[in-house]
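Chemist: Provided herewith is a single structure, encoded as structure tokens, for subsequent inquiry.
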Amino acid sequence: MSTCLSRFGVLVIGAAVFACALPSVAAATDYCVGQNTSCAPANHRDKFQNALDGAAATPDADRILLGAETYTAGTVAGYVYNAPSPLEIIGAGVGKSVLTGQTGVDSVLSMSGGAGSAVSDLTVRLPQDVGFGLITDNTARRIEVIEAAGLPASQASAGVYLDNGATLEDSTVTLTEVPTGVFIANGHVSRSTVTTAGDSAIKVNNGSIERSRVKGFTGVEAYGGVSSIVSSQIIGGENYGIWVGSYAGVARTIVNAENVTILGGDAGTGAYATTGLDTGWSAELHLSNSLVRGFPSSLRASAPGTGEAKVVASYSDYAPPSAGAATGAKAAIEATNITNVGDAGFANAAGGDFHLLAGSPLVDAGDPATAHGLDLDAHPLVTDGNGDGIARRDIGAFEAPAVPAAGKPGGSTGADTKAPLITGFRATPALFAIGRASTPRAAGAHRGTRFRYVLSERARVSLRIQRRLHGRRARYRTVAKLTRSGRAGVNLTRFTGRIGRRALRPGRYRARITAIDSAGNRSAPRTTRFRVAR
């Protein structure tokens, strides 16, 4: 592990990156810890760190299964896994398996494993005077991050630190005294809720935020690189909704925010780009299909030096009193196709429901050229929400449901010519051992993997399993095919690595997925790669 001092004045523990091909491996091992006694006695460990050390000692793709209890790290380093071999840490569930540490611990859990490594289904509880709750350059899913009772103010740097492409998904971070909920240093937050009463809910440098709910004194704070925010709701306190600042040594910091609802509390600025900290470098914030409400100042750009500060808004809506203001010769607010309707037509703003009512002027007011996708609720982003017979994006994080087009009997809006959209296709884990049973329509084996994907509509799904052939050129041969009925939203298909009685040979594979809806429209294919261990 290496350490460095970040521009934010906190000690950051950077996870080492291992970029090596794994050799042929023995059978993967399941380690059970504490009250989890489902493993063979030889693989049971009383202490969590002992299981971590055992998994790190071999090149196998191992798993650690935690019991429903609290695990407290006994050293100032906290729990550490730093090895090239893949590892899955699986808890008994949020609130059941709890990881924490002693006062002054560097981090509760620092995890850097090989491709396919993940930590899931547990709670990370920050003790007093902690550095970070979770540090990882892998995947964290279904994680809850909270504080211990009575945590002193500003005694931690961040609840979660994501590095080198790490992902936090389907998780919650809820903090009151810690200044930052999630720190993204080249990583991704997806389908998660991040709430903090401290400085910023999320700080990001080269990362993405997708279909998430974010709330903080500042919602999202960005320095350096190119970042994106998609189909998300951001609530800023008395400071900013989205703040984009220049970063010394980086020519231009850029944030692209698409279908974002930015909400304020009668203070601060909704969307702000500034070069105030590093005046020789530039900062840009691009808003599209987005709306801003509740701030005295909706858009601001400030450039006190030679660097450019710019807010570019298109097909968006930000109500007065102050629509936009630019300060400095190099500052600019650029706006095209802005509606500024005033009353957005929220379902229940006082109750925190910012979905659009059917009669909202922001329904079908987004960019007509924007491609399909999913909104914050995992619904299709392009629908005919006003019944004019033309499907088009709404403005904001939520897409209104389609309504019957005028004059069309039976609620028909004409022939369905839109193909299903597949997003987020991946195999988890990406390295696995063959399961002991064949792959049924709902496999329940402990070994194997899961194919996860999101469909924009119900469709028949075809999964082709293709083995990579030897040679310099990447060539593949189909060895199996799975067919499933997919629903609109998130889908999981379990795969043990067996088709009937036949097991896949160890090696490298890919899965190609396509979907056909009831009207016969075929989706574009999507591909994910995985590896079968010996």
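Convention: chains lettered A, B, ... in structure tokens order; per-chain residue numbering from 1; ligands numbered from 1 as shown.
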Near Gly265 in chain A, counting only C-alpha atoms, which residues have an atom at most 9 Å away, once you skip same-chain residues fewer than 6 positions from it, shown as a PDB file with N, CA and C atoms, in the first residue's frame?

Modeler:
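Listing of out.pdb after writing:
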ATOM      1  N   ILE A 235     -29.337  17.076  -4.129  1.00  0.00           N
ATOM      2  CA  ILE A 235     -29.852  18.107  -3.229  1.00  0.00           C
ATOM      3  C   ILE A 235     -28.658  18.770  -2.550  1.00  0.00           C
ATOM      4  N   GLY A 236     -28.472  20.063  -2.800  1.00  0.00           N
ATOM      5  CA  GLY A 236     -27.410  20.825  -2.163  1.00  0.00           C
ATOM      6  C   GLY A 236     -27.960  21.616  -0.990  1.00  0.00           C
ATOM      7  N   GLY A 237     -27.180  21.768   0.046  1.00  0.00           N
ATOM      8  CA  GLY A 237     -27.626  22.527   1.209  1.00  0.00           C
ATOM      9  C   GLY A 237     -27.461  24.011   0.995  1.00  0.00           C
ATOM     10  N   GLU A 238     -26.651  24.637   1.819  1.00  0.00           N
ATOM     11  CA  GLU A 238     -26.458  26.080   1.732  1.00  0.00           C
ATOM     12  C   GLU A 238     -25.289  26.446   0.827  1.00  0.00           C
ATOM     13  N   ARG A 293     -33.800  23.881  -9.242  1.00  0.00           N
ATOM     14  CA  ARG A 293     -34.832  24.565  -8.466  1.00  0.00           C
ATOM     15  C   ARG A 293     -34.351  24.803  -7.029  1.00  0.00           C
ATOM     16  N   GLY A 294     -34.863  25.881  -6.435  1.00  0.00           N
ATOM     17  CA  GLY A 294     -34.683  26.128  -5.008  1.00  0.00           C
ATOM     18  C   GLY A 294     -33.465  26.932  -4.619  1.00  0.00           C
ATOM     19  N   PHE A 295     -32.649  27.384  -5.585  1.00  0.00           N
ATOM     20  CA  PHE A 295     -31.459  28.164  -5.281  1.00  0.00           C
ATOM     21  C   PHE A 295     -31.699  29.636  -5.635  1.00  0.00           C
TER      22      PHE A 295
END

Chemist: For range 68-90 of chain A against range 131-140 of chain A, with a cut-off of 10 Å and counting only C-alpha atoms, what is the closest atom pair and its distance in Å to one decimal for every residue that makes the cut, ordered by chain and number, as a tab-separated table?

Modeler:
residue	atom	partner	partner_atom	distance
A:Ala77	CA	A:Gly131	CA	9.9
A:Gly78	CA	A:Gly133	CA	9.6
A:Tyr79	CA	A:Leu134	CA	9.7
A:Val80	CA	A:Ile135	CA	9.5
A:Tyr81	CA	A:Thr136	CA	9.5
A:Asn82	CA	A:Thr136	CA	9.9
A:Pro86	CA	A:Asn138	CA	9.6
A:Leu87	CA	A:Asn138	CA	9.7
A:Glu88	CA	A:Thr139	CA	9.4
A:Ile89	CA	A:Ala140	CA	9.5

Chemist: Any chance you can output those residues with C-alpha atoms as a PDB file, in the first residue's frame?

Modeler:
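Full text of selection-v2.pdb as output:
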ATOM      1  CA  ALA A  77      -4.250  -0.584   9.765  1.00  0.00           C
ATOM      2  CA  GLY A  78      -7.765  -2.042   9.906  1.00  0.00           C
ATOM      3  CA  TYR A  79      -8.741  -4.998   7.746  1.00  0.00           C
ATOM      4  CA  VAL A  80      -6.473  -5.209   4.682  1.00  0.00           C
ATOM      5  CA  TYR A  81      -6.522  -7.327   1.519  1.00  0.00           C
ATOM      6  CA  ASN A  82      -3.811  -6.450  -1.000  1.00  0.00           C
ATOM      7  CA  PRO A  86      -9.518 -12.326  -6.922  1.00  0.00           C
ATOM      8  CA  LEU A  87     -11.573 -12.354  -3.734  1.00  0.00           C
ATOM      9  CA  GLU A  88     -15.244 -12.005  -2.885  1.00  0.00           C
ATOM     10  CA  ILE A  89     -16.185 -10.905   0.629  1.00  0.00           C
TER      11      ILE A  89
END

Chemist: Looking only at helix (DSSP H, G or I) from DSSP on the backbone, list the matching residues of range 221-436 of chain A as a ChimeraX atom specification.

Modeler: /A:349-351,409-411

Chemist: Could you save the residues just selected, with N, CA and C atoms, as a compact mmCIF listing (two decimals), in the first residue's frame?

Modeler:
# COMPACT_ATOMS: atom_id res chain seq x y z
N ALA A 349 -43.50 18.36 -4.15
CA ALA A 349 -42.19 18.89 -3.77
C ALA A 349 -42.05 19.01 -2.26
N ALA A 350 -43.11 19.41 -1.57
CA ALA A 350 -43.05 19.55 -0.11
C ALA A 350 -42.79 18.21 0.57
N GLY A 351 -43.27 17.15 -0.04
CA GLY A 351 -43.06 15.82 0.52
C GLY A 351 -41.84 15.11 -0.03
N PRO A 409 -57.17 4.59 -30.93
CA PRO A 409 -58.06 3.74 -30.15
C PRO A 409 -57.29 2.78 -29.26
N GLY A 410 -57.90 2.49 -28.09
CA GLY A 410 -57.33 1.50 -27.19
C GLY A 410 -56.00 1.90 -26.60
N GLY A 411 -55.70 3.18 -26.64
CA GLY A 411 -54.45 3.64 -26.05
C GLY A 411 -53.25 3.35 -26.91

Chemist: Ranking A:Asp375, A:Asp199, A:Ser232, A:Glu169 by minimum distance to Gly216 in chain A and counting only C-alpha atoms, which one comes first?

Modeler: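 Closest to Gly216 in chain A of all the choices is A:Asp199.
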
Chemist: If we count only C-alpha atoms, what is near Arg460 in chain A at a cut-off of 10 Å, once residues fewer than 2 positions away on the same chain are taken out, given as a PyMOL selection string?

Modeler: chain A and resi 420+457-458+462+483-487+514-518+520+522

Chemist: Neighbours of Arg252 in chain A within 7 Å (only C-alpha atoms; same-chain residues fewer than 3 positions away dropped), as a list in words?

Modeler: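 Selected residues are Gly224, Gly225, Ser246, Trp281, Ser282 and Ala283 of chain A.
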
Chemist: Check the smallest atom-to-atom distance from each of A:Thr72, A:Ser112, A:Asn386, A:Ser192 to Leu126 in chain A using only C-alpha atoms, then report the winner.

Modeler: A:Thr72

Chemist: Tell me, as a ChimeraX atom specification, which residues lie within 9 Å of His286 in chain A, counting only C-alpha atoms; anything in the same chain fewer than 3 positions away does not count.

Modeler: /A:254-258,310-314

Chemist: Just the selected residues (C-alpha atoms), exported as a compact mmCIF listing (two decimals), in the first residue's frame, please.

Modeler:
# COMPACT_ATOMS: atom_id res chain seq x y z
CA ILE A 254 -15.26 18.89 -17.28
CA VAL A 255 -18.49 17.58 -15.80
CA ASN A 256 -21.29 16.36 -18.09
CA ALA A 257 -24.63 16.28 -16.27
CA GLU A 258 -27.51 14.67 -18.17
CA LYS A 310 -18.08 28.00 -18.34
CA VAL A 311 -21.55 26.61 -17.73
CA VAL A 312 -23.16 25.24 -20.90
CA ALA A 313 -26.88 24.45 -20.62
CA SER A 314 -29.10 22.90 -23.30

Chemist: Quick one: everything within 9 Å of His372 in chain A, counting only C-alpha atoms, minus sequence neighbours fewer than 6 positions away in the same chain. Send it as a list in words.

Modeler: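 Listing them by chain and then by number gives Pro380, Leu381, Val382, Arg393, Leu421 and Ser456 of chain A.
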
Chemist: Nearest to Arg477 in chain A: which of A:Cys39, A:Ala365, A:Leu504, A:Ile465 is it, counting only C-alpha atoms?

Modeler: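 Looking only at the distances to Arg477 in chain A, the closest residue turns out to be A:Ile465.
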
Chemist: Give me, please, the distance in Å between CA of Ala92 in chain A and CA of Thr172 in chain A, quoted to one decimal.

Modeler: 16.5 Å
